[in-house]
Amino acid sequence: MPTNLEGKHITLGVTGSIACYKAIDLASKLTQAKANVDVALTRGAENFVSPLAFAAITHRPVVTDVFDPQSELSIDHVALAERSDVIVVVPATAHTIAKMAQGLADDVLTTTLLATQAPVIVAPAMDAHMFDHPATQANVKMLVERGVTFAGPASGRLASGLIGKGRLVEAPELLGVIRTTLGRDGDLAGRKIVVSAGGTEEAIDPVRVITNHSSGKMGYAIAEAARDRGASAVLVSTPTALPAPHGVRMVKVRSALDMRDAINHECQDADAVVMAAAVADWRPVSAADQKIKKGASNEWSIELTKTPDIIAGLIGDSLVKVGFAAESQDLIANAQSKLVSKGLDLIIANDITAVDAGFATDTNRVTILDREGGSDDLPLMSKYDVGVNILDRVKPLFRREKL
Ligand code: CTP
């Protein structure tokens, strides 16, 4: 799946911690995402992992020595510093963090870090007592003040046997931090984009709800695509099985009424809203306070009332409104009439009967319709790429002044 990692030069600075093996997995994931991954290993790291392990994955030379005459990169370590779009110190030991704070340059990594203008991310891994030590805390604070981004450490069981804060963050979290950092100055920087996701839950009683099959994948992918381009992305989501994306602000809701309130609030200062959520059209008139008992009757009916149409009810001319039309028949005609009746700028028509599109899949095939009668049939693509395409069409429609 191409993301904003594609084609980027990412340098991993690997230092001597038992968590080094996790950096191999990260290098692999970044390489799969089509990033150009250079690895600088410290002497300490070489005790845990070999340069060959990284080279085999990245298909690029690994640098271990500032003065290695065999390496084009080592001779001119500044080249590595200059060509990096981001440098990630993973795992970062207390010792390397201390060297960074002091501006020492006694190995290939710290030399590169001193020479670079690229953003730097540090993912610490160490014993909890070492992380908590006032010296380490002071170094972290100093680096944060200088603009270094810290990812973790996470809490949990440590190599020492201690339970505490010092674990290297997991690769998905770190990938999110890298993508957010790379997107910082993207073409949507200064824009607030609100995305809704998931299927609403309409309570019948404390144990039962009326809901639908929406997985939330489409909305999460749009929010990630917006974040990757520097937008301030807000995801108004019902409970889903998906992890909260790093760098996206989550607003958790359950019912259509909750979602309406959250969307109305978030849209007050937003540039665009994309309603990817499957909002229930009907909800029980009232939810019972206690669990409803089965009783003797063989029949049961629930009285329903219509939910408010969230996107149609949004007021304000400056907001770009994008809706989805999930249809099982007359796709384009139904989508077109929703575009008009809901006062939208764009509508994404989505045939939910196709096996590779719609609910729970990672891909989607959509047609984007605009107010001027334009219609763009997109081929089958990842939901992330659908998000990229939607945002490409939203961008020229922004009506609010940039923040
Ligand atoms: N939508 C909304 N509030 C609702 C219902 C839908 O904001 N109460 C939004 C959806 O998030 C989507 C768009 O309106 O972006 C179209 O939703 P859809 O379910 O396709 O249309 P409905 O208006 O519910 O019409 P129908 O169910 O009759 O097709």
# chains A, B, ... in the order shown; residues from 1 in each chain; ligands from 1
call {"tool": "residues_near_ligand", "arguments": {"ligand": "ligand 1", "cutoff": "10 Å", "atoms": "only C-alpha atoms and all ligand atoms", "output": "MDAnalysis selection string"}}
result
chainID A and resid 195:200 256:257 259:260 263 273:282 306:314 321:329 331 334:335 337:339 341:342 344 346:350
call {"tool": "residues_around", "arguments": {"residues": "Asp228 of chain A", "least_positions_apart": "6", "cutoff": "8 Å", "atoms": "only C-alpha atoms", "output": "list in words"}}
result
Thr3, Asn4, Arg179, Thr180, Leu182, Gly183, Arg184 and Gly186 of chain A
call {"tool": "residues_around", "arguments": {"residues": "segment 101-116 of chain A", "least_positions_apart": "4", "cutoff": "7 Å", "atoms": "only C-alpha atoms", "output": "NGL selection string"}}
result
:A and (13 or 40 or 42 or 64-66 or 77-78 or 80-82 or 97 or 139 or 142-143)
call {"tool": "residues_around", "arguments": {"residues": "Ala151 of chain A", "least_positions_apart": "4", "cutoff": "10 Å", "atoms": "only C-alpha atoms", "output": "list in words"}}
result
Val88, Val89, Val90, Ile121, Val122, Ala123, Pro124, Leu168, Val169, Glu170, Glu173, Leu174, Gly176, Val177 and Ile178 of chain A
call {"tool": "atom_distance", "arguments": {"atom1": "atom CA of Glu145 of chain A", "atom2": "atom CA of Pro243 of chain A"}}
result
29.0 Å
call {"tool": "decode", "arguments": {"residues": "segment 221-236 of chain A", "atoms": "all heavy atoms", "output": "short mmCIF file (atom, residue, chain, number, x, y, z; two decimals), in the first residue's frame"}}
result
data_model
loop_
_atom_site.label_atom_id
_atom_site.label_comp_id
_atom_site.auth_asym_id
_atom_site.auth_seq_id
_atom_site.Cartn_x
_atom_site.Cartn_y
_atom_site.Cartn_z
N ALA A 221 -9.00 5.11 6.87
CA ALA A 221 -8.02 5.29 5.78
C ALA A 221 -8.01 6.76 5.31
O ALA A 221 -6.94 7.31 5.03
CB ALA A 221 -8.35 4.36 4.62
N ILE A 222 -9.18 7.38 5.25
CA ILE A 222 -9.24 8.80 4.82
C ILE A 222 -8.52 9.68 5.86
O ILE A 222 -7.75 10.58 5.51
CB ILE A 222 -10.69 9.28 4.65
CG1 ILE A 222 -11.41 8.45 3.58
CG2 ILE A 222 -10.75 10.77 4.28
CD1 ILE A 222 -12.92 8.63 3.58
N ALA A 223 -8.79 9.39 7.14
CA ALA A 223 -8.16 10.20 8.19
C ALA A 223 -6.64 10.04 8.14
O ALA A 223 -5.89 11.02 8.30
CB ALA A 223 -8.70 9.78 9.56
N GLU A 224 -6.16 8.81 7.89
CA GLU A 224 -4.71 8.59 7.80
C GLU A 224 -4.12 9.32 6.59
O GLU A 224 -3.04 9.90 6.66
CB GLU A 224 -4.39 7.10 7.72
CG GLU A 224 -4.62 6.41 9.04
CD GLU A 224 -4.20 4.94 9.04
OE1 GLU A 224 -3.60 4.49 8.04
OE2 GLU A 224 -4.46 4.27 10.04
N ALA A 225 -4.85 9.28 5.48
CA ALA A 225 -4.36 9.97 4.28
C ALA A 225 -4.29 11.47 4.53
O ALA A 225 -3.35 12.14 4.08
CB ALA A 225 -5.27 9.66 3.09
N ALA A 226 -5.26 12.02 5.27
CA ALA A 226 -5.25 13.46 5.58
C ALA A 226 -4.08 13.79 6.49
O ALA A 226 -3.35 14.76 6.28
CB ALA A 226 -6.58 13.85 6.23
N ARG A 227 -3.87 12.95 7.52
CA ARG A 227 -2.74 13.15 8.42
C ARG A 227 -1.41 13.10 7.66
O ARG A 227 -0.52 13.90 7.88
CB ARG A 227 -2.76 12.06 9.50
CG ARG A 227 -1.49 12.03 10.33
CD ARG A 227 -1.20 10.66 10.88
NE ARG A 227 -0.97 9.67 9.85
CZ ARG A 227 -0.93 8.36 10.07
NH1 ARG A 227 -1.15 7.89 11.28
NH2 ARG A 227 -0.68 7.51 9.10
N ASP A 228 -1.29 12.14 6.76
CA ASP A 228 -0.04 11.97 6.01
C ASP A 228 0.28 13.18 5.13
O ASP A 228 1.40 13.31 4.64
CB ASP A 228 -0.11 10.72 5.11
CG ASP A 228 -0.03 9.44 5.91
OD1 ASP A 228 0.23 9.51 7.12
OD2 ASP A 228 -0.22 8.36 5.32
N ARG A 229 -0.72 14.04 4.90
CA ARG A 229 -0.49 15.24 4.09
C ARG A 229 -0.49 16.50 4.96
O ARG A 229 -0.62 17.60 4.47
CB ARG A 229 -1.54 15.33 2.99
CG ARG A 229 -1.31 14.22 1.96
CD ARG A 229 -2.49 14.00 1.05
NE ARG A 229 -2.72 15.09 0.14
CZ ARG A 229 -3.51 15.00 -0.93
NH1 ARG A 229 -4.11 13.84 -1.21
NH2 ARG A 229 -3.70 16.03 -1.71
N GLY A 230 -0.40 16.30 6.26
CA GLY A 230 -0.20 17.44 7.16
C GLY A 230 -1.47 18.03 7.74
O GLY A 230 -1.41 18.98 8.52
N ALA A 231 -2.65 17.49 7.36
CA ALA A 231 -3.90 18.04 7.90
C ALA A 231 -4.01 17.71 9.38
O ALA A 231 -3.44 16.73 9.86
CB ALA A 231 -5.10 17.45 7.16
N SER A 232 -4.77 18.54 10.06
CA SER A 232 -5.14 18.18 11.42
C SER A 232 -6.41 17.34 11.27
O SER A 232 -7.47 17.85 10.93
CB SER A 232 -5.31 19.49 12.19
OG SER A 232 -6.34 19.40 13.07
N ALA A 233 -6.24 16.02 11.43
CA ALA A 233 -7.33 15.08 11.13
C ALA A 233 -8.04 14.68 12.42
O ALA A 233 -7.39 14.36 13.42
CB ALA A 233 -6.78 13.85 10.42
N VAL A 234 -9.37 14.72 12.37
CA VAL A 234 -10.19 14.31 13.52
C VAL A 234 -11.09 13.17 13.06
O VAL A 234 -11.75 13.28 12.02
CB VAL A 234 -11.06 15.48 14.03
CG1 VAL A 234 -11.92 15.04 15.20
CG2 VAL A 234 -10.19 16.67 14.41
N LEU A 235 -11.06 12.09 13.81
CA LEU A 235 -11.86 10.92 13.45
C LEU A 235 -12.98 10.77 14.47
O LEU A 235 -12.72 10.50 15.65
CB LEU A 235 -10.94 9.69 13.44
CG LEU A 235 -11.35 8.41 12.75
CD1 LEU A 235 -11.95 8.64 11.38
CD2 LEU A 235 -10.14 7.50 12.66
N VAL A 236 -14.20 10.97 14.03
CA VAL A 236 -15.35 10.77 14.91
C VAL A 236 -15.82 9.35 14.63
O VAL A 236 -16.38 9.06 13.57
CB VAL A 236 -16.46 11.81 14.61
CG1 VAL A 236 -17.67 11.56 15.50
CG2 VAL A 236 -15.93 13.22 14.81
#
